[in-house]
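Colleague: One file: data.txt (compact mmCIF, C-alpha atoms).
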```txt
# COMPACT_ATOMS: atom_id res chain seq x y z
CA MET A 1 22.56 24.51 32.06
CA SER A 2 26.22 23.60 32.61
CA PHE A 3 28.22 25.18 35.42
CA PRO A 4 32.01 25.24 35.98
CA ARG A 5 33.19 22.23 37.99
CA THR A 6 36.08 21.86 40.42
CA VAL A 7 37.27 18.89 42.45
CA LEU A 8 37.37 19.07 46.25
CA ASN A 9 38.20 16.02 48.37
CA ASP A 10 37.41 13.63 45.49
CA SER A 11 33.93 15.12 44.96
CA VAL A 12 32.80 17.35 42.12
CA ILE A 13 31.86 20.88 43.16
CA VAL A 14 29.53 22.64 40.74
CA ARG A 15 29.87 26.42 40.88
CA PRO A 16 27.25 28.49 39.01
CA PRO A 17 28.12 31.75 37.18
CA GLY A 18 25.94 33.57 39.70
CA PHE A 19 22.56 33.84 41.37
CA TYR A 20 19.24 35.54 40.67
CA ILE A 21 17.77 37.52 43.58
CA ILE A 22 13.99 37.14 43.47
CA GLY A 23 12.51 38.55 46.68
CA PHE A 24 9.33 40.66 46.86
CA GLN A 25 7.45 38.59 44.26
CA MET A 26 4.08 39.20 45.93
CA TYR A 27 4.37 43.02 46.10
CA PRO A 28 3.45 44.62 42.73
CA SER A 29 4.07 48.20 43.95
CA VAL A 30 7.45 47.38 45.51
CA SER A 31 9.13 50.22 43.53
CA VAL A 32 7.64 52.73 46.00
CA TYR A 33 9.36 50.87 48.83
CA PHE A 34 12.75 51.13 47.11
CA ILE A 35 12.30 54.83 46.42
CA PHE A 36 11.74 55.14 50.18
CA LEU A 37 14.93 53.11 50.79
CA ALA A 38 16.85 55.44 48.45
CA PHE A 39 15.77 58.36 50.67
CA VAL A 40 16.77 56.35 53.77
CA TYR A 41 20.21 55.72 52.25
CA VAL A 42 20.81 59.41 51.48
CA VAL A 43 19.81 60.39 55.04
CA THR A 44 21.99 57.62 56.49
CA VAL A 45 25.10 58.68 54.56
CA LEU A 46 24.61 62.42 55.17
CA PHE A 47 23.98 62.29 58.91
CA ASN A 48 26.57 59.62 59.68
CA SER A 49 29.15 61.47 57.57
CA LEU A 50 28.37 64.63 59.55
CA VAL A 51 28.95 62.74 62.81
CA ILE A 52 32.26 61.33 61.53
CA TYR A 53 33.40 64.77 60.31
CA VAL A 54 32.47 66.56 63.53
CA ILE A 55 34.27 64.02 65.74
CA ALA A 56 37.32 63.63 63.47
CA PHE A 57 38.03 67.37 63.22
CA ASN A 58 37.36 68.32 66.86
CA HIS A 59 40.22 67.18 69.07
CA CYS A 60 38.20 67.75 72.23
CA LEU A 61 35.90 64.93 71.06
CA HIS A 62 38.75 62.44 70.78
CA THR A 63 37.58 60.56 73.88
CA PRO A 64 36.60 56.89 74.49
CA LYS A 65 32.89 57.66 74.29
CA PHE A 66 33.11 59.42 70.93
CA LEU A 67 35.46 56.78 69.55
CA ALA A 68 32.60 54.32 70.16
CA VAL A 69 30.16 56.77 68.51
CA VAL A 70 32.30 57.28 65.39
CA ASN A 71 32.83 53.52 65.20
CA LEU A 72 29.04 53.07 65.01
CA ALA A 73 28.75 55.81 62.37
CA VAL A 74 31.41 54.22 60.12
CA ILE A 75 29.73 50.82 60.44
CA ASP A 76 26.32 52.33 59.59
CA VAL A 77 27.62 53.93 56.38
CA ILE A 78 29.32 50.74 55.16
CA LEU A 79 26.41 48.47 56.14
CA SER A 80 23.92 50.66 54.25
CA THR A 81 26.21 50.97 51.24
CA CYS A 82 26.59 47.21 50.85
CA THR A 83 22.81 46.62 50.85
CA ILE A 84 20.60 49.52 49.72
CA PRO A 85 22.30 50.44 46.37
CA SER A 86 22.33 46.74 45.45
CA MET A 87 18.63 46.41 46.34
CA ILE A 88 17.76 49.43 44.17
CA LYS A 89 19.73 47.92 41.26
CA ILE A 90 18.05 44.54 41.66
CA PHE A 91 14.43 45.51 42.27
CA LEU A 92 14.07 49.02 40.83
CA VAL A 93 16.35 48.73 37.77
CA LYS A 94 15.31 45.04 37.41
CA ASP A 95 18.89 43.75 37.12
CA ASN A 96 18.69 40.84 39.54
CA PHE A 97 21.70 38.74 38.46
CA ILE A 98 24.75 38.79 40.72
CA PRO A 99 28.00 36.90 39.87
CA PHE A 100 29.06 34.12 42.24
CA ASN A 101 32.16 35.83 43.65
CA LEU A 102 30.39 39.17 44.01
CA CYS A 103 27.61 37.33 45.84
CA LEU A 104 30.13 36.04 48.39
CA VAL A 105 31.65 39.52 48.75
CA GLN A 106 28.25 41.06 49.47
CA MET A 107 27.46 38.25 51.90
CA PHE A 108 30.75 38.90 53.72
CA PHE A 109 30.25 42.66 54.03
CA TYR A 110 26.63 42.38 55.12
CA TYR A 111 27.28 39.88 57.89
CA ALA A 112 30.62 41.35 58.97
CA PHE A 113 29.16 44.83 59.43
CA GLY A 114 25.86 43.52 60.79
CA THR A 115 27.94 41.77 63.45
CA LEU A 116 29.96 44.95 64.03
CA GLU A 117 26.72 46.92 64.44
CA SER A 118 25.67 44.51 67.17
CA CYS A 119 29.09 44.78 68.84
CA ALA A 120 29.10 48.60 68.53
CA LEU A 121 25.83 48.81 70.48
CA ALA A 122 27.36 46.55 73.13
CA ILE A 123 30.42 48.86 73.31
CA LEU A 124 28.16 51.87 73.89
CA ALA A 125 26.44 49.90 76.69
CA TYR A 126 29.89 49.21 78.18
CA ASP A 127 30.62 52.95 78.10
CA ARG A 128 27.39 53.70 80.01
CA LEU A 129 28.12 50.86 82.46
CA ILE A 130 31.54 52.24 83.39
CA ALA A 131 30.31 55.86 83.52
CA ILE A 132 27.39 55.13 85.88
CA CYS A 133 28.58 52.17 87.95
CA PHE A 134 32.21 53.30 88.37
CA PRO A 135 32.11 57.12 88.16
CA LEU A 136 35.26 57.69 90.23
CA ARG A 137 37.30 55.20 88.21
CA HIS A 138 35.73 55.96 84.85
CA ASN A 139 38.72 57.88 83.46
CA SER A 140 41.21 55.24 84.54
CA ILE A 141 39.19 52.22 83.32
CA ASN A 142 37.70 53.55 80.11
CA THR A 143 40.77 55.13 78.53
CA LEU A 144 41.17 55.93 74.84
CA GLN A 145 43.73 53.14 74.55
CA ASN A 146 41.41 50.58 76.16
CA MET A 147 38.48 51.64 73.98
CA SER A 148 40.67 51.44 70.86
CA CYS A 149 41.65 47.88 71.82
CA ILE A 150 38.01 46.89 72.38
CA VAL A 151 36.93 48.35 69.03
CA GLY A 152 39.89 46.74 67.25
CA LEU A 153 39.17 43.33 68.78
CA THR A 154 35.51 43.45 67.73
CA TRP A 155 36.56 44.26 64.15
CA CYS A 156 39.07 41.39 64.07
CA PHE A 157 36.52 39.01 65.60
CA ALA A 158 33.67 39.97 63.25
CA VAL A 159 35.85 39.90 60.13
CA GLY A 160 37.46 36.57 61.08
CA ILE A 161 34.20 34.81 61.96
CA THR A 162 32.43 36.09 58.85
CA ALA A 163 35.36 35.26 56.56
CA PHE A 164 35.27 31.65 57.78
CA SER A 165 31.49 31.42 57.33
CA VAL A 166 31.64 32.76 53.78
CA ALA A 167 34.75 30.75 52.80
CA ILE A 168 33.02 27.42 53.50
CA MET A 169 30.36 28.33 50.91
CA ASN A 170 32.95 27.25 48.32
CA ARG A 171 32.46 23.67 49.55
CA LEU A 172 28.86 23.64 48.30
CA SER A 173 27.72 22.39 44.93
CA PHE A 174 24.90 24.27 43.16
CA CYS A 175 23.56 21.99 40.44
CA ASN A 176 19.86 22.92 40.46
CA SER A 177 18.19 26.25 41.24
CA VAL A 178 20.15 29.52 41.48
CA ARG A 179 17.15 31.65 42.52
CA VAL A 180 17.72 33.25 45.94
CA LEU A 181 14.53 34.13 47.83
CA SER A 182 15.85 37.22 49.61
CA TYR A 183 16.78 40.86 48.99
CA PHE A 184 20.53 40.17 48.72
CA CYS A 185 22.91 37.19 48.68
CA ASP A 186 21.69 35.95 52.04
CA TYR A 187 23.60 33.17 53.77
CA ALA A 188 20.82 30.67 54.60
CA PRO A 189 18.76 31.13 51.39
CA VAL A 190 21.95 30.55 49.34
CA PHE A 191 23.25 27.45 51.11
CA ARG A 192 19.78 25.89 51.02
CA LEU A 193 20.07 25.84 47.21
CA ALA A 194 23.02 23.43 47.40
CA CYS A 195 22.58 19.88 46.16
CA ASN A 196 25.19 18.43 48.53
CA ASP A 197 25.20 18.28 52.32
CA TYR A 198 25.01 21.69 54.05
CA THR A 199 24.72 20.50 57.65
CA MET A 200 27.92 22.32 58.62
CA HIS A 201 26.65 25.58 57.13
CA TRP A 202 23.35 25.28 59.01
CA SER A 203 25.27 24.64 62.26
CA VAL A 204 27.58 27.60 61.61
CA ALA A 205 24.60 29.88 60.83
CA SER A 206 22.77 28.80 64.00
CA LEU A 207 25.85 29.07 66.23
CA PHE A 208 26.90 32.46 64.93
CA THR A 209 23.37 33.84 65.17
CA TYR A 210 23.43 33.14 68.91
CA LEU A 211 27.07 34.13 69.33
CA LEU A 212 27.02 37.38 67.35
CA LEU A 213 23.44 38.55 67.91
CA VAL A 214 22.23 37.09 71.19
CA GLY A 215 25.68 37.38 72.82
CA PRO A 216 26.00 41.20 72.57
CA PHE A 217 22.29 41.59 73.34
CA THR A 218 22.72 39.56 76.54
CA PHE A 219 25.73 41.71 77.51
CA ILE A 220 23.61 44.85 76.99
CA LEU A 221 20.81 43.46 79.16
CA LEU A 222 23.24 42.54 81.96
CA SER A 223 24.89 45.97 81.68
CA TYR A 224 21.57 47.76 82.12
CA LEU A 225 20.62 45.45 84.96
CA SER A 226 23.83 46.53 86.74
CA ILE A 227 23.10 50.17 85.87
CA LEU A 228 19.57 49.87 87.27
CA VAL A 229 20.88 48.38 90.54
CA THR A 230 23.42 51.21 90.85
CA VAL A 231 20.81 53.89 90.08
CA LEU A 232 18.38 52.52 92.66
CA ARG A 233 21.11 52.80 95.30
CA MET A 234 21.49 56.54 94.65
CA LYS A 235 19.98 58.65 97.40
CA SER A 236 19.04 61.66 95.28
CA LEU A 237 16.05 61.40 92.93
CA ASP A 238 17.64 64.04 90.70
CA SER A 239 20.80 61.91 90.36
CA ARG A 240 18.71 58.89 89.42
CA VAL A 241 16.84 60.79 86.72
CA LYS A 242 20.05 62.26 85.28
CA ALA A 243 21.76 58.86 85.18
CA LEU A 244 18.83 57.16 83.48
CA ALA A 245 18.37 60.05 81.04
CA THR A 246 21.84 59.37 79.59
CA CYS A 247 20.70 55.84 78.66
CA VAL A 248 17.37 56.54 76.94
CA GLU A 249 18.72 57.17 73.43
CA HIS A 250 20.93 54.10 73.55
CA LEU A 251 18.03 51.93 74.71
CA ILE A 252 16.00 53.16 71.72
CA LEU A 253 18.81 52.09 69.36
CA VAL A 254 19.00 48.68 71.06
CA ALA A 255 15.24 48.18 70.68
CA VAL A 256 15.22 49.32 67.04
CA PHE A 257 18.08 46.99 66.10
CA TYR A 258 17.61 43.83 68.18
CA ILE A 259 13.88 43.32 68.65
CA PRO A 260 12.97 43.10 64.91
CA LEU A 261 16.00 40.94 64.06
CA ILE A 262 15.55 38.48 66.92
CA THR A 263 11.82 38.23 66.15
CA ILE A 264 12.39 37.67 62.42
CA PHE A 265 15.16 35.10 62.90
CA THR A 266 13.09 33.20 65.46
CA ILE A 267 9.78 33.25 63.57
CA GLY A 268 11.14 33.20 60.02
CA PHE A 269 14.10 30.82 60.09
CA TYR A 270 13.31 28.46 62.96
CA LEU A 271 9.53 28.38 63.39
CA ARG A 272 8.85 29.21 59.70
CA ILE A 273 5.37 30.54 60.36
CA ILE A 274 5.55 33.70 58.22
CA ASP A 275 5.47 34.03 54.44
CA THR A 276 8.83 34.31 52.64
CA ASP A 277 8.05 37.73 51.16
CA GLN A 278 6.92 39.03 54.55
CA ARG A 279 10.16 37.78 56.08
CA VAL A 280 12.22 39.42 53.32
CA LEU A 281 10.37 42.74 53.66
CA SER A 282 10.65 42.73 57.47
CA LEU A 283 14.34 41.78 57.43
CA SER A 284 15.20 44.43 54.84
CA LEU A 285 13.50 47.12 56.94
CA ALA A 286 15.18 45.83 60.11
CA SER A 287 18.56 46.00 58.35
CA CYS A 288 18.19 49.37 56.61
CA LEU A 289 16.42 51.55 59.20
CA PRO A 290 18.79 51.32 62.24
CA PRO A 291 21.79 52.93 60.41
CA CYS A 292 19.46 55.82 59.50
CA VAL A 293 17.96 56.14 62.97
CA ASN A 294 21.25 55.86 64.92
CA PRO A 295 22.73 59.33 64.18
CA ILE A 296 19.35 61.08 64.49
CA VAL A 297 18.30 59.51 67.79
CA TYR A 298 21.69 59.08 69.46
CA SER A 299 24.74 60.79 67.97
CA LEU A 300 23.31 64.15 66.86
CA LYS A 301 21.33 64.46 70.13
CA THR A 302 24.54 64.17 72.14
CA LYS A 303 25.19 67.67 73.51
CA GLU A 304 28.83 67.91 72.39
CA ILE A 305 28.16 66.74 68.81
CA LYS A 306 24.98 68.80 68.50
CA THR A 307 26.77 71.97 69.60
CA ARG A 308 29.63 71.53 67.14
CA ALA A 309 27.36 70.46 64.29
CA LEU A 310 25.25 73.61 64.74
CA ALA A 311 28.43 75.71 64.92
CA LEU A 312 29.58 74.14 61.65
CA VAL A 313 26.26 74.96 59.96
CA ARG A 314 26.36 78.56 61.23
CA LYS A 315 29.95 78.90 60.04
CA ASP A 316 29.04 77.70 56.54
CA LYS A 317 26.02 80.03 56.46
CA PHE A 318 28.15 82.97 57.62
CA GLY A 319 30.75 82.16 54.95
CA ALA A 320 28.06 82.01 52.26
CA ASP A 321 26.62 85.39 53.36
CA ARG A 322 30.09 86.97 53.26
CA PHE A 323 30.68 85.59 49.77
CA LYS A 324 27.35 87.03 48.57
CA SER A 325 28.13 90.46 50.06
CA LYS A 326 31.58 90.52 48.40
CA SER A 327 30.03 89.54 45.08
CA ARG A 328 27.56 92.42 45.31
CA ARG A 329 30.41 94.90 45.95
CA VAL A 330 32.33 93.68 42.91
CA LEU A 331 29.33 93.98 40.57
CA PRO A 332 29.09 97.48 38.90
```
Please go through the file and, once you have read it, give me the structure as structure tokens.
Modeller:
Amino acid sequence: MSFPRTVLNDSVIVRPPGFYIIGFQMYPSVSVYFIFLAFVYVVTVLFNSLVIYVIAFNHCLHTPKFLAVVNLAVIDVILSTCTIPSMIKIFLVKDNFIPFNLCLVQMFFYYAFGTLESCALAILAYDRLIAICFPLRHNSINTLQNMSCIVGLTWCFAVGITAFSVAIMNRLSFCNSVRVLSYFCDYAPVFRLACNDYTMHWSVASLFTYLLLVGPFTFILLSYLSILVTVLRMKSLDSRVKALATCVEHLILVAVFYIPLITIFTIGFYLRIIDTDQRVLSLSLASCLPPCVNPIVYSLKTKEIKTRALALVRKDKFGADRFKSKSRRVLP
């Protein structure tokens, strides 16, 4: 097999036409799993789109808190869209070839929006931190302008870091296998196929895992430690319960997102004590379920969004009933 060759720093770089994604080899009934993921994708898009619509078209919800919520919803839709349809095409339709450049594009979107998901959960923790620990200064500290800057900076940071990580993949030469043991064009499984030195890529992957995953998670833990200290200083038991009740849904999202990913990255990539197919299955679930769970557990349970979403449903139902009644009057 001959691949296109380019010259970089006096060395020949062999670039293949593309890669073959070959995860889930040990699961004969894997098609059932991808039918389930198709359902997860539909639910993810519908509920997150509802959250985006409700917040975008209700000016009273244009506040710092709901800017953070709509940011999470947008990230969830894009993250799911760049993974689940591709997985269905690869493993359900059995079309597992992906061109080289498209592979890098998918890699970029997955890691950029996975990073943004991590940062979005940290932003929501920041919102709770300011609301509970600094209630009198909450409106002056956590303004819409400040929240917009924080969200914008996380997007620039995630996009910049991921763009650099993906761009250096062009320095690798793939002269042997092009079979990727994952469920998408995953960073580590791809660079491990290279036949030249990938020490820099391993260092970048390790550094950015800690920086982009462990970093926000540590911030969330420190935020809730500060919140817990503040709550324990409250004299009223009722105030303590109310303050902690506003954090429960967010803590569920944090657990659903971080615990599986940190466990899989630690056991799968560093200790290497689980089977490849088990790692792929676990990582795909850990990547696809949080965007589906987020709007159900957090956004749509928020009182303001829930009230307006129900009002929207009632309005549509009332409009449909009126249309039916008019139609009956017109009929002879």
Colleague: Calculate how many Å separate CA of Leu289 (chain A) from CA of Ile220 (chain A), rounding to one decimal.
Modeller: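 Separating CA of Leu289 (chain A) from CA of Ile220 (chain A) is a distance of 20.3 Å.
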Colleague: Provide the CA of Ala125 (chain A) to CA of Ser80 (chain A) distance in Å, to one decimal place.
Modeller: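 Computing it gives 22.6 Å between the two atoms.
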Colleague: Restricting the calculation to all atoms listed in the file, which member of A:Asp277, A:Glu249, A:Glu304, A:Asp186 is positioned closest to Val30 (chain A)?
Modeller: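 Closest residue, counting all atoms listed in the file: A:Asp277.
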Colleague: Each residue of region 107-189 of chain A with at least one atom at most 9 Å from region 200-205 of chain A should appear once, together with its nearest atom pair and the corresponding distance in Å (one decimal); atoms considered: only C-alpha atoms; ordering: chain, then increasing residue number; output as JSON lines.
Modeller:
```
{"residue": "A:Ser165", "atom": "CA", "partner": "A:Val204", "partner_atom": "CA", "distance": 6.9}
{"residue": "A:Ile168", "atom": "CA", "partner": "A:His201", "partner_atom": "CA", "distance": 7.6}
{"residue": "A:Met169", "atom": "CA", "partner": "A:His201", "partner_atom": "CA", "distance": 7.7}
{"residue": "A:Tyr187", "atom": "CA", "partner": "A:Ala205", "partner_atom": "CA", "distance": 7.9}
{"residue": "A:Ala188", "atom": "CA", "partner": "A:Ala205", "partner_atom": "CA", "distance": 7.3}
```
Colleague: So that I can see what lies close to Arg192 (chain A), please list as a list of chain:residue names the residues with an atom at most 10 Å from it, counting only C-alpha atoms and leaving out residues fewer than 5 positions away in the same chain.
Modeller: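 Skipping anything fewer than 5 positions along the chain leaves A:Leu172, A:Phe174, A:Ser177, A:Val180, A:Tyr187, A:Asp197, A:Tyr198, A:Thr199, A:His201, A:Trp202.
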Colleague: I'd like the neighbourhood of Thr230 (chain A) as a list in words, where a residue qualifies if any of its atoms comes within 12 Å (using all atoms listed in the file), though same-chain residues fewer than 2 positions away should be ignored.
Modeller: Arg128, Leu129, Ile130, Ala131, Ile132, Cys133, Phe134, Pro135, Ser223, Tyr224, Leu225, Ser226, Ile227, Leu228, Leu232, Arg233, Met234, Lys235, Ser239, Arg240, Ala243 and Leu244 of chain A
Colleague: Which is closest to Val43 (chain A) among A:Cys156, A:Val77, A:Ser282, A:Ala245, if we use only C-alpha atoms?
Modeller: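 Nearest candidate to Val43 (chain A) out of A:Cys156, A:Val77, A:Ser282, A:Ala245: A:Val77.
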Colleague: If I take CA of Asn96 (chain A) and CA of Phe184 (chain A), how far is one from the other in Å, to one decimal?
Modeller: 9.4 Å
Colleague: Got a sec: who's within 7 Å of region 250-262 of chain A, counting all atoms listed in the file, leaving out chain neighbours fewer than 3 positions off, as a list in words?
Modeller: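 Result of the neighbour search: Leu121, Cys247, Phe265, Thr266, Leu283, Ala286, Pro290, Asn294 and Tyr298 of chain A.
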Colleague: Take the selection from the previous step and output its residues with C-alpha atoms, as a PDB file, in the coordinates of the input.
Modeller:
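Once written, result-v9.pdb looks like this:
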```pdb
ATOM      1  CA  LEU A 121      25.830  48.810  70.480  1.00  0.00           C
ATOM      2  CA  CYS A 247      20.700  55.840  78.660  1.00  0.00           C
ATOM      3  CA  PHE A 265      15.160  35.100  62.900  1.00  0.00           C
ATOM      4  CA  THR A 266      13.090  33.200  65.460  1.00  0.00           C
ATOM      5  CA  LEU A 283      14.340  41.780  57.430  1.00  0.00           C
ATOM      6  CA  ALA A 286      15.180  45.830  60.110  1.00  0.00           C
ATOM      7  CA  PRO A 290      18.790  51.320  62.240  1.00  0.00           C
ATOM      8  CA  ASN A 294      21.250  55.860  64.920  1.00  0.00           C
ATOM      9  CA  TYR A 298      21.690  59.080  69.460  1.00  0.00           C
TER      10      TYR A 298
END
```
Colleague: Fewer than 2 positions away in the same chain doesn't count, so skip those; otherwise give me all residues within 10 Å of Val45 (chain A), counting all atoms listed in the file, as number ranges by chain.
Modeller: A: 40-43, 47-51, 73-74, 76-78, 80-81, 291-292, 295
Colleague: For each of A:Ile21, A:Leu281, A:Val231, A:Leu213, take the minimum atom-to-atom distance to Phe100 (chain A), counting only C-alpha atoms, then give the residue where this is smallest.
Modeller: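 Smallest distance to Phe100 (chain A) is found for A:Ile21.
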Colleague: Which one is closest to Tyr20 (chain A): A:Asn170, A:Gln145, A:Ser287, A:Ser182? Count all atoms listed in the file.
Modeller: A:Ser182
Colleague: Restricting the calculation to all atoms listed in the file: of A:Leu181, A:Leu221, A:Val105, A:Leu67, which residue gets closest to Ser148 (chain A)?
Modeller: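 Once distances to Ser148 (chain A) are computed over all atoms listed in the file, the minimum belongs to A:Leu67.
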Colleague: Please list as number ranges by chain every residue within 6 Å of Gly18 (chain A), counting all atoms listed in the file and excluding residues in the same chain fewer than 2 positions away.
Modeller: A: 16, 98-100
